$ cat coords-v4.pdb   # PDB, C-alpha atoms
ATOM      1  CA  MET R 164     -17.755   2.115 -28.918
ATOM      2  CA  GLU R 165     -16.581   5.627 -29.843
ATOM      3  CA  LEU R 166     -12.950   6.496 -30.605
ATOM      4  CA  PHE R 167     -12.618   8.650 -27.487
ATOM      5  CA  ASP R 168     -13.747   5.719 -25.358
ATOM      6  CA  LEU R 169     -11.061   3.512 -26.922
ATOM      7  CA  ILE R 170      -8.477   6.196 -26.135
ATOM      8  CA  LYS R 171      -9.598   5.919 -22.511
ATOM      9  CA  ALA R 172      -8.974   2.164 -22.671
ATOM     10  CA  LEU R 173      -5.521   2.830 -24.148
ATOM     11  CA  ILE R 174      -4.696   5.267 -21.344
ATOM     12  CA  LEU R 175      -5.872   2.877 -18.631
ATOM     13  CA  GLY R 176      -3.859   0.063 -20.230
ATOM     14  CA  PHE R 177      -0.811   2.342 -20.181
ATOM     15  CA  VAL R 178      -1.341   3.133 -16.503
ATOM     16  CA  GLU R 179      -1.820  -0.564 -15.655
ATOM     17  CA  GLY R 180       1.193  -1.737 -17.635
ATOM     18  CA  MET R 181       3.583   0.905 -16.353
ATOM     19  CA  THR R 182       2.586   0.591 -12.685
ATOM     20  CA  GLU R 183       1.618  -3.072 -12.162
ATOM     21  CA  PHE R 184       5.103  -4.261 -11.255
ATOM     22  CA  ALA R 185       6.521  -1.092  -9.778
ATOM     23  CA  PRO R 186       5.776  -0.819  -6.033
ATOM     24  CA  VAL R 187       3.401   2.107  -6.490
ATOM     25  CA  SER R 188       0.063   0.241  -6.885
ATOM     26  CA  SER R 189      -1.418  -0.182 -10.340
ATOM     27  CA  THR R 190      -4.928  -0.583  -8.907
ATOM     28  CA  GLY R 191      -4.526   2.634  -6.950
ATOM     29  CA  HIS R 192      -3.369   4.519 -10.036
ATOM     30  CA  LEU R 193      -6.207   3.074 -12.128
ATOM     31  CA  ILE R 194      -8.757   4.165  -9.535
ATOM     32  CA  ILE R 195      -7.233   7.643  -9.373
ATOM     33  CA  VAL R 196      -7.035   8.148 -13.143
ATOM     34  CA  ASP R 197     -10.433   6.616 -13.829
ATOM     35  CA  ASP R 198     -12.491   7.948 -10.933
ATOM     36  CA  MET R 199     -11.083  11.464 -11.119
ATOM     37  CA  TRP R 200     -10.756  11.947 -14.894
ATOM     38  CA  LEU R 201     -11.836   9.212 -17.301
ATOM     39  CA  LYS R 202     -14.943   7.967 -15.448
ATOM     40  CA  THR R 203     -15.482   4.735 -17.378
ATOM     41  CA  GLU R 204     -18.117   3.715 -14.854
ATOM     42  CA  GLU R 205     -20.483   6.255 -16.416
ATOM     43  CA  PHE R 206     -20.715   4.365 -19.725
ATOM     44  CA  LEU R 207     -19.700   0.816 -18.717
ATOM     45  CA  GLY R 208     -21.488   0.544 -15.390
ATOM     46  CA  LYS R 209     -20.005  -0.019 -11.930
ATOM     47  CA  TYR R 210     -19.190  -3.722 -12.000
ATOM     48  CA  PRO R 211     -18.033  -3.937 -15.642
ATOM     49  CA  ALA R 212     -15.727  -0.980 -14.928
ATOM     50  CA  ILE R 213     -14.241  -2.773 -11.908
ATOM     51  CA  THR R 214     -13.920  -5.956 -13.962
ATOM     52  CA  PHE R 215     -12.130  -4.052 -16.734
ATOM     53  CA  LYS R 216      -9.506  -2.855 -14.244
ATOM     54  CA  ILE R 217      -8.890  -6.461 -13.242
ATOM     55  CA  VAL R 218      -9.086  -8.030 -16.692
ATOM     56  CA  ILE R 219      -6.455  -5.745 -18.229
ATOM     57  CA  GLN R 220      -4.095  -7.124 -15.613
ATOM     58  CA  LEU R 221      -4.071 -10.214 -17.823
ATOM     59  CA  GLY R 222      -2.158  -8.132 -20.353
ATOM     60  CA  SER R 223       0.450  -7.396 -17.714
ATOM     61  CA  ILE R 224       0.539 -11.067 -16.736
ATOM     62  CA  LEU R 225       1.159 -12.061 -20.339
ATOM     63  CA  ALA R 226       4.172  -9.736 -20.261
ATOM     64  CA  VAL R 227       5.485 -11.561 -17.172
ATOM     65  CA  ILE R 228       5.092 -14.880 -18.950
ATOM     66  CA  VAL R 229       7.101 -13.547 -21.895
ATOM     67  CA  VAL R 230       9.934 -12.350 -19.622
ATOM     68  CA  PHE R 231       9.994 -15.322 -17.222
ATOM     69  CA  TRP R 232       8.798 -18.094 -19.532
ATOM     70  CA  LYS R 233      11.775 -20.402 -18.895
ATOM     71  CA  ARG R 234      11.355 -20.311 -15.129
ATOM     72  CA  LEU R 235       7.545 -20.540 -15.309
ATOM     73  CA  PHE R 236       7.583 -23.456 -17.730
ATOM     74  CA  SER R 237      10.185 -25.248 -15.615
ATOM     75  CA  LEU R 238       7.824 -25.098 -12.619
ATOM     76  CA  VAL R 239       5.375 -27.356 -14.428
ATOM     77  CA  GLY R 240       7.984 -29.523 -16.145
ATOM     78  CA  LEU R 241       7.598 -28.006 -19.608
ATOM     79  CA  TYR R 242      11.099 -26.611 -20.018
ATOM     80  CA  LYS R 243      14.396 -28.462 -20.159
ATOM     81  CA  ILE R 244      17.996 -27.306 -20.474
ATOM     82  CA  ASP R 245      20.374 -29.448 -22.560
ATOM     83  CA  GLY R 246      17.764 -32.184 -22.659
ATOM     84  CA  LYS R 247      17.296 -32.215 -18.884
ATOM     85  CA  LYS R 248      14.727 -30.642 -16.644
ATOM     86  CA  MET R 249      15.850 -27.480 -14.925
ATOM     87  CA  ASN R 250      17.639 -28.460 -11.713
ATOM     88  CA  SER R 251      16.117 -26.038  -9.237
ATOM     89  CA  ARG R 252      15.281 -25.876  -5.563
ATOM     90  CA  PHE R 253      12.651 -23.261  -6.397
ATOM     91  CA  ASN R 254       9.502 -25.102  -7.403
ATOM     92  CA  LEU R 255       5.749 -24.867  -7.747
ATOM     93  CA  GLY R 256       5.363 -25.501  -4.017
ATOM     94  CA  HIS R 257       6.998 -22.147  -3.214
ATOM     95  CA  VAL R 258       4.531 -20.365  -5.477
ATOM     96  CA  ILE R 259       1.478 -22.150  -4.049
ATOM     97  CA  ILE R 260       2.548 -21.548  -0.449
ATOM     98  CA  GLY R 261       3.278 -17.905  -1.222
ATOM     99  CA  MET R 262      -0.049 -17.170  -2.877
ATOM    100  CA  LEU R 263      -2.266 -19.203  -0.523
ATOM    101  CA  PRO R 264      -2.872 -16.581   2.236
ATOM    102  CA  ALA R 265      -3.956 -13.867  -0.212
ATOM    103  CA  VAL R 266      -6.139 -16.284  -2.158
ATOM    104  CA  VAL R 267      -7.998 -17.360   0.988
ATOM    105  CA  LEU R 268      -8.530 -13.818   2.248
ATOM    106  CA  GLY R 269      -9.328 -12.564  -1.235
ATOM    107  CA  PHE R 270     -12.149 -15.081  -1.659
ATOM    108  CA  ALA R 271     -13.448 -14.364   1.840
ATOM    109  CA  PHE R 272     -13.546 -10.582   1.536
ATOM    110  CA  LYS R 273     -13.824  -9.909  -2.216
ATOM    111  CA  ASP R 274     -17.293  -8.358  -2.021
ATOM    112  CA  LEU R 275     -16.271  -6.057   0.831
ATOM    113  CA  ILE R 276     -13.148  -5.005  -1.059
ATOM    114  CA  ASP R 277     -15.101  -4.257  -4.254
ATOM    115  CA  ASP R 278     -17.827  -2.340  -2.415
ATOM    116  CA  TYR R 279     -15.805  -0.344   0.127
ATOM    117  CA  LEU R 280     -12.119  -0.125  -0.831
ATOM    118  CA  PHE R 281     -12.261   0.865  -4.519
ATOM    119  CA  GLY R 282     -12.201   4.638  -3.988
ATOM    120  CA  VAL R 283      -9.740   7.524  -4.114
ATOM    121  CA  GLU R 284     -10.005   8.215  -0.369
ATOM    122  CA  THR R 285      -9.083   4.660   0.658
ATOM    123  CA  VAL R 286      -6.277   4.582  -1.918
ATOM    124  CA  ILE R 287      -4.683   7.653  -0.317
ATOM    125  CA  PHE R 288      -4.338   5.887   3.019
ATOM    126  CA  ALA R 289      -3.099   2.717   1.322
ATOM    127  CA  LEU R 290      -0.401   4.681  -0.538
ATOM    128  CA  VAL R 291       0.893   6.025   2.783
ATOM    129  CA  ALA R 292       0.720   2.667   4.582
ATOM    130  CA  GLY R 293       2.542   0.917   1.741
ATOM    131  CA  ALA R 294       5.216   3.607   1.659
ATOM    132  CA  ILE R 295       5.864   3.148   5.375
ATOM    133  CA  LEU R 296       6.300  -0.610   4.923
ATOM    134  CA  MET R 297       8.764  -0.057   2.067
ATOM    135  CA  ILE R 298      10.842   2.399   4.103
ATOM    136  CA  VAL R 299      10.858  -0.044   7.031
ATOM    137  CA  ALA R 300      12.003  -2.845   4.715
ATOM    138  CA  ASP R 301      14.929  -0.846   3.351
ATOM    139  CA  LYS R 302      15.922   0.415   6.799
ATOM    140  CA  PHE R 303      15.581  -2.776   8.833
ATOM    141  CA  GLY R 304      16.121  -5.498   6.244
ATOM    142  CA  PRO R 305      19.466  -7.370   6.495
ATOM    143  CA  LYS R 306      22.386  -5.433   5.038
ATOM    144  CA  LYS R 307      23.816  -8.627   3.520
ATOM    145  CA  PRO R 308      20.829 -10.785   2.493
ATOM    146  CA  LYS R 309      21.471 -14.520   2.519
ATOM    147  CA  VAL R 310      19.001 -15.190  -0.295
ATOM    148  CA  GLN R 311      20.590 -14.054  -3.556
ATOM    149  CA  THR R 312      18.610 -16.216  -6.024
ATOM    150  CA  LEU R 313      15.180 -17.813  -6.306
ATOM    151  CA  ASP R 314      16.689 -21.237  -5.647
ATOM    152  CA  GLN R 315      17.700 -20.170  -2.130
ATOM    153  CA  ILE R 316      14.165 -19.270  -1.027
ATOM    154  CA  THR R 317      12.767 -21.538   1.684
ATOM    155  CA  TYR R 318       9.146 -22.587   2.086
ATOM    156  CA  LYS R 319       8.968 -20.625   5.332
ATOM    157  CA  GLN R 320      10.143 -17.469   3.572
ATOM    158  CA  ALA R 321       7.653 -18.030   0.744
ATOM    159  CA  PHE R 322       4.792 -18.344   3.240
ATOM    160  CA  SER R 323       5.961 -15.302   5.211
ATOM    161  CA  VAL R 324       6.033 -13.205   2.058
ATOM    162  CA  GLY R 325       2.572 -14.557   1.230
ATOM    163  CA  LEU R 326       1.257 -13.264   4.546
ATOM    164  CA  VAL R 327       2.624  -9.805   3.803
ATOM    165  CA  GLN R 328       1.063  -9.980   0.332
ATOM    166  CA  CYS R 329      -2.364 -10.017   1.993
ATOM    167  CA  LEU R 330      -1.917  -6.298   2.622
ATOM    168  CA  SER R 331      -2.128  -5.762  -1.141
ATOM    169  CA  LEU R 332      -5.801  -6.756  -1.092
ATOM    170  CA  TRP R 333      -6.255  -3.144   0.016
ATOM    171  CA  PRO R 334      -6.303  -1.234  -3.306
ATOM    172  CA  GLY R 335      -3.474   1.267  -3.348
ATOM    173  CA  PHE R 336      -1.158  -0.748  -1.130
ATOM    174  CA  SER R 337       0.589  -2.465  -4.090
ATOM    175  CA  ARG R 338       1.141  -6.186  -4.526
ATOM    176  CA  SER R 339       4.750  -5.772  -5.617
ATOM    177  CA  GLY R 340       5.391  -3.209  -2.892
ATOM    178  CA  ALA R 341       4.085  -5.568  -0.217
ATOM    179  CA  THR R 342       5.817  -8.728  -1.470
ATOM    180  CA  ILE R 343       9.164  -7.128  -2.296
ATOM    181  CA  SER R 344       9.164  -5.451   1.121
ATOM    182  CA  GLY R 345       8.270  -8.761   2.749
ATOM    183  CA  GLY R 346      10.983 -10.559   0.797
ATOM    184  CA  VAL R 347      13.597  -8.005   1.857
ATOM    185  CA  LEU R 348      12.533  -8.160   5.508
ATOM    186  CA  PHE R 349      12.738 -11.966   5.437
ATOM    187  CA  GLY R 350      16.251 -12.130   4.013
ATOM    188  CA  MET R 351      16.066 -11.798   0.205
ATOM    189  CA  ASN R 352      17.923  -9.271  -1.865
ATOM    190  CA  HIS R 353      15.754  -6.835  -3.791
ATOM    191  CA  ARG R 354      16.132  -8.521  -7.200
ATOM    192  CA  THR R 355      15.231 -11.966  -5.867
ATOM    193  CA  ALA R 356      12.238 -10.559  -4.011
ATOM    194  CA  ALA R 357      11.121  -8.872  -7.245
ATOM    195  CA  ASP R 358      11.558 -12.081  -9.275
ATOM    196  CA  PHE R 359       9.502 -14.019  -6.727
ATOM    197  CA  THR R 360       6.859 -11.287  -6.767
ATOM    198  CA  PHE R 361       6.472 -11.394 -10.539
ATOM    199  CA  ILE R 362       6.339 -15.179 -10.787
ATOM    200  CA  MET R 363       3.857 -15.472  -7.917
ATOM    201  CA  ALA R 364       1.699 -12.786  -9.540
ATOM    202  CA  VAL R 365       0.930 -14.973 -12.573
ATOM    203  CA  PRO R 366      -1.458 -17.516 -10.972
ATOM    204  CA  ILE R 367      -2.915 -15.150  -8.373
ATOM    205  CA  MET R 368      -3.744 -12.397 -10.877
ATOM    206  CA  MET R 369      -5.057 -14.843 -13.445
ATOM    207  CA  GLY R 370      -7.268 -16.364 -10.762
ATOM    208  CA  ALA R 371      -8.549 -12.962  -9.627
ATOM    209  CA  SER R 372      -9.358 -11.987 -13.204
ATOM    210  CA  LEU R 373     -11.215 -15.243 -13.842
ATOM    211  CA  VAL R 374     -13.259 -14.926 -10.645
ATOM    212  CA  SER R 375     -14.192 -11.345 -11.488
ATOM    213  CA  ILE R 376     -15.211 -12.251 -15.048
ATOM    214  CA  LEU R 377     -17.388 -15.142 -13.855
ATOM    215  CA  LYS R 378     -18.963 -13.072 -11.094
ATOM    216  CA  ASN R 379     -19.804 -10.149 -13.368
ATOM    217  CA  TRP R 380     -20.508 -12.111 -16.541
ATOM    218  CA  GLU R 381     -24.110 -10.883 -16.693
ATOM    219  CA  TYR R 382     -22.914  -7.263 -16.763
ATOM    220  CA  LEU R 383     -20.532  -7.734 -19.705
ATOM    221  CA  SER R 384     -21.552  -6.900 -23.246
ATOM    222  CA  MET R 385     -20.129  -7.606 -26.692
ATOM    223  CA  ASP R 386     -20.513  -3.891 -27.339
ATOM    224  CA  ASP R 387     -17.671  -3.317 -24.837
ATOM    225  CA  LEU R 388     -15.372  -6.000 -26.283
ATOM    226  CA  SER R 389     -13.239  -3.530 -28.251
ATOM    227  CA  PHE R 390     -12.734  -1.501 -25.064
ATOM    228  CA  TYR R 391     -11.413  -4.572 -23.258
ATOM    229  CA  ILE R 392      -9.184  -5.621 -26.167
ATOM    230  CA  VAL R 393      -7.544  -2.191 -26.495
ATOM    231  CA  GLY R 394      -6.925  -2.057 -22.734
ATOM    232  CA  PHE R 395      -5.478  -5.573 -22.736
ATOM    233  CA  ILE R 396      -3.038  -4.933 -25.606
ATOM    234  CA  SER R 397      -1.986  -1.578 -24.183
ATOM    235  CA  ALA R 398      -1.322  -3.118 -20.758
ATOM    236  CA  PHE R 399       0.727  -5.936 -22.307
ATOM    237  CA  VAL R 400       2.996  -3.667 -24.359
ATOM    238  CA  PHE R 401       3.695  -1.188 -21.594
ATOM    239  CA  ALA R 402       4.108  -3.890 -18.929
ATOM    240  CA  LEU R 403       6.716  -5.586 -21.100
ATOM    241  CA  ILE R 404       8.664  -2.331 -21.192
ATOM    242  CA  SER R 405       8.275  -1.564 -17.490
ATOM    243  CA  ILE R 406       9.224  -5.060 -16.239
ATOM    244  CA  ARG R 407      12.571  -5.070 -18.024
ATOM    245  CA  PHE R 408      13.310  -1.539 -16.827
ATOM    246  CA  PHE R 409      12.240  -2.210 -13.239
ATOM    247  CA  LEU R 410      14.321  -5.375 -12.870
ATOM    248  CA  LYS R 411      17.420  -3.400 -13.838
ATOM    249  CA  LEU R 412      16.502  -0.542 -11.515
ATOM    250  CA  ILE R 413      15.405  -2.211  -8.273
ATOM    251  CA  SER R 414      18.838  -3.536  -7.239
ATOM    252  CA  ARG R 415      20.322  -0.052  -7.545
ATOM    253  CA  VAL R 416      17.685   2.271  -6.092
ATOM    254  CA  LYS R 417      15.829  -0.178  -3.798
ATOM    255  CA  LEU R 418      12.434   0.840  -2.357
ATOM    256  CA  VAL R 419      12.771   4.249  -0.702
ATOM    257  CA  PRO R 420      12.503   6.351  -3.916
ATOM    258  CA  PHE R 421       9.238   4.595  -4.745
ATOM    259  CA  ALA R 422       8.021   5.190  -1.186
ATOM    260  CA  ILE R 423       8.771   8.911  -1.513
ATOM    261  CA  TYR R 424       6.814   9.035  -4.772
ATOM    262  CA  ARG R 425       3.859   7.350  -3.045
ATOM    263  CA  LEU R 426       3.914   9.859  -0.177
ATOM    264  CA  ILE R 427       4.031  12.813  -2.583
ATOM    265  CA  LEU R 428       1.176  11.364  -4.630
ATOM    266  CA  ALA R 429      -0.874  10.742  -1.486
ATOM    267  CA  ALA R 430      -0.290  14.331  -0.318
ATOM    268  CA  VAL R 431      -1.361  15.785  -3.677
ATOM    269  CA  LEU R 432      -4.477  13.615  -3.753
ATOM    270  CA  ALA R 433      -5.335  14.505  -0.175
ATOM    271  CA  VAL R 434      -5.246  18.207  -1.054
ATOM    272  CA  ILE R 435      -7.500  17.603  -4.074
ATOM    273  CA  VAL R 436      -9.978  15.337  -2.315
ATOM    274  CA  PHE R 437     -10.175  16.669   1.238
ATOM    275  CA  LEU R 438      -9.594  20.417   0.817
TER     276      LEU R 438
END
$ encode --input "coords-v4.pdb" --output "structure tokens"
Amino acid sequence: MELFDLIKALILGFVEGMTEFAPVSSTGHLIIVDDMWLKTEEFLGKYPAITFKIVIQLGSILAVIVVFWKRLFSLVGLYKIDGKKMNSRFNLGHVIIGMLPAVVLGFAFKDLIDDYLFGVETVIFALVAGAILMIVADKFGPKKPKVQTLDQITYKQAFSVGLVQCLSLWPGFSRSGATISGGVLFGMNHRTAADFTFIMAVPIMMGASLVSILKNWEYLSMDDLSFYIVGFISAFVFALISIRFFLKLISRVKLVPFAIYRLILAAVLAVIVFL
């Protein structure tokens, strides 16, 4: 693996880490940066390149675990406060119910998504659709949300947000954009919706990465291992930075500024691609 190739992995890890948990679509940005400029598919191959984009998400997930480790460990009974288990209404059931719809649809349509939706053109439309949902959430969501913490989330709300998360199977739509918007529309404040989004992302993204690795195992090579490692570490470091920043920002600016960014990006890409 040449040095310039490793720089590409570093750049893609940066893009993944900085955009994974902002509602702008990390997958969409990876497709744009890679397909239009870096073109890793030319030396990795189609399916290993797609797998790389998914595997480096594990770096971002590790960052979530670092930030939310107390809450995550409490869900499986591994963390106690003052010698007692965390007393919480928010439990593993909320996470399972929330991730179930996307898991089912993801398994059912994974091949179609990989073959037909991983492209700049489809990402453009997804950026616009996701932006519209985010604007709708900010405009029509309750002005005084009843759900101010994770422990106030109901199972019905968790499932409802999970249904909205299915939209994020469309690359470019954004998992965090869909789930935070869904959370806001179903009565959560923005910070709680973001917390739920990040925690729910851990099992669903780890599962997606594992499935992709197993499916494309025959296409992977030890010669590419350094490329994957650099991308993973880069994604972890930059995701750690972006998560802490985003959690402080989301309660103040909400979703509309991110929606505007998505619309501008979609317009620029449309000019480049279609004109």
$ closest_residue --input "coords-v4.pdb" --among "R:Phe184, R:Phe408, R:Tyr318, R:Phe303" --to "R:Val365" --atoms "all atoms listed in the file"
R:Phe184
$ residues_around --input "coords-v4.pdb" --residues "stretch 334-351 of chain R" --least-positions-apart "6" --cutoff "8 Å" --atoms "only C-alpha atoms" --output "mmCIF file with C-alpha atoms, keeping the file's coordinate frame"
data_model
loop_
_atom_site.group_PDB
_atom_site.id
_atom_site.type_symbol
_atom_site.label_atom_id
_atom_site.label_comp_id
_atom_site.auth_asym_id
_atom_site.auth_seq_id
_atom_site.Cartn_x
_atom_site.Cartn_y
_atom_site.Cartn_z
ATOM 1 C CA GLU R 183 1.618 -3.072 -12.162
ATOM 2 C CA PHE R 184 5.103 -4.261 -11.255
ATOM 3 C CA ALA R 185 6.521 -1.092 -9.778
ATOM 4 C CA PRO R 186 5.776 -0.819 -6.033
ATOM 5 C CA VAL R 187 3.401 2.107 -6.490
ATOM 6 C CA SER R 188 0.063 0.241 -6.885
ATOM 7 C CA SER R 189 -1.418 -0.182 -10.340
ATOM 8 C CA THR R 190 -4.928 -0.583 -8.907
ATOM 9 C CA GLY R 191 -4.526 2.634 -6.950
ATOM 10 C CA HIS R 192 -3.369 4.519 -10.036
ATOM 11 C CA LEU R 280 -12.119 -0.125 -0.831
ATOM 12 C CA PHE R 281 -12.261 0.865 -4.519
ATOM 13 C CA THR R 285 -9.083 4.660 0.658
ATOM 14 C CA VAL R 286 -6.277 4.582 -1.918
ATOM 15 C CA ILE R 287 -4.683 7.653 -0.317
ATOM 16 C CA PHE R 288 -4.338 5.887 3.019
ATOM 17 C CA ALA R 289 -3.099 2.717 1.322
ATOM 18 C CA LEU R 290 -0.401 4.681 -0.538
ATOM 19 C CA ALA R 292 0.720 2.667 4.582
ATOM 20 C CA GLY R 293 2.542 0.917 1.741
ATOM 21 C CA LEU R 296 6.300 -0.610 4.923
ATOM 22 C CA MET R 297 8.764 -0.057 2.067
ATOM 23 C CA ALA R 300 12.003 -2.845 4.715
ATOM 24 C CA ASP R 301 14.929 -0.846 3.351
ATOM 25 C CA PHE R 303 15.581 -2.776 8.833
ATOM 26 C CA GLY R 304 16.121 -5.498 6.244
ATOM 27 C CA PRO R 305 19.466 -7.370 6.495
ATOM 28 C CA PRO R 308 20.829 -10.785 2.493
ATOM 29 C CA LYS R 309 21.471 -14.520 2.519
ATOM 30 C CA VAL R 310 19.001 -15.190 -0.295
ATOM 31 C CA GLN R 311 20.590 -14.054 -3.556
ATOM 32 C CA ILE R 316 14.165 -19.270 -1.027
ATOM 33 C CA GLN R 320 10.143 -17.469 3.572
ATOM 34 C CA SER R 323 5.961 -15.302 5.211
ATOM 35 C CA VAL R 324 6.033 -13.205 2.058
ATOM 36 C CA GLY R 325 2.572 -14.557 1.230
ATOM 37 C CA VAL R 327 2.624 -9.805 3.803
ATOM 38 C CA GLN R 328 1.063 -9.980 0.332
ATOM 39 C CA ALA R 357 11.121 -8.872 -7.245
ATOM 40 C CA THR R 360 6.859 -11.287 -6.767
ATOM 41 C CA PHE R 361 6.472 -11.394 -10.539
ATOM 42 C CA LEU R 418 12.434 0.840 -2.357
#
$ resolve_selection --input "coords-v4.pdb" --expression "the PyMOL selection byres ((chain R and resi 169) around 9)" --output "list in words"
Met164, Glu165, Leu166, Phe167, Asp168, Ile170, Lys171, Ala172, Leu173, Ile174, Ser389, Phe390, Tyr391, Val393 and Gly394 of chain R
$ residues_around --input "coords-v4.pdb" --residues "R:Val436" --least-positions-apart "4" --cutoff "9 Å" --atoms "all atoms listed in the file" --output "ChimeraX atom specification"
/R:283-284,431-432
$ write_last_selection --input "coords-v4.pdb" --atoms "C-alpha atoms" --output "PDB file, keeping the file's coordinate frame"
ATOM      1  CA  VAL R 283      -9.740   7.524  -4.114  1.00  0.00           C
ATOM      2  CA  GLU R 284     -10.005   8.215  -0.369  1.00  0.00           C
ATOM      3  CA  VAL R 431      -1.361  15.785  -3.677  1.00  0.00           C
ATOM      4  CA  LEU R 432      -4.477  13.615  -3.753  1.00  0.00           C
TER       5      LEU R 432
END
$ residues_around --input "coords-v4.pdb" --residues "stretch 227-232 of chain R" --least-positions-apart "2" --cutoff "12 Å" --atoms "all atoms listed in the file" --output "JSON, numbers by chain"
{"R": [180, 183, 184, 220, 221, 222, 223, 224, 225, 234, 235, 236, 237, 238, 239, 240, 241, 242, 243, 357, 358, 359, 360, 361, 362, 363, 364, 365, 366, 368, 369, 398, 399, 400, 401, 402, 403, 404, 405, 406, 407, 408, 410]}
$ atom_distance --input "coords-v4.pdb" --atom1 "atom CA of R:Ile295" --atom2 "atom CA of R:Leu326"
17.1 Å
$ axis_aligned_box --input "coords-v4.pdb" --around "stretch 271-280 of chain R" --padding-each-side "3 Å" --output "JSON"
{"center_x": -15.0, "center_y": -7.2, "center_z": -1.2, "size_x": 11.7, "size_y": 20.2, "size_z": 12.1}
$ closest_residue --input "coords-v4.pdb" --among "R:Val218, R:Ile298, R:Leu201, R:Leu268" --to "R:Ile423" --atoms "all atoms listed in the file"
R:Ile298
$ closest_residue --input "coords-v4.pdb" --among "R:Val178, R:His257, R:Ile276, R:Thr355" --to "R:Lys319" --atoms "only C-alpha atoms"
R:His257
$ closest_residue --input "coords-v4.pdb" --among "R:Tyr382, R:Phe253, R:Phe177, R:Phe409" --to "R:Lys209" --atoms "only C-alpha atoms"
R:Tyr382
$ atom_distance --input "coords-v4.pdb" --atom1 "atom CA of R:Phe272" --atom2 "atom CA of R:Asp198"
22.4 Å
$ closest_residue --input "coords-v4.pdb" --among "R:Ala294, R:Gly282, R:Ile367, R:Ser384" --to "R:Ile195" --atoms "all atoms listed in the file"
R:Gly282
$ atom_distance --input "coords-v4.pdb" --atom1 "atom CA of R:Pro420" --atom2 "atom CA of R:Thr182"
14.4 Å
$ closest_residue --input "coords-v4.pdb" --among "R:Ile392, R:Ala429, R:Ala356, R:Leu377" --to "R:Ile413" --atoms "all atoms listed in the file"
R:Ala356
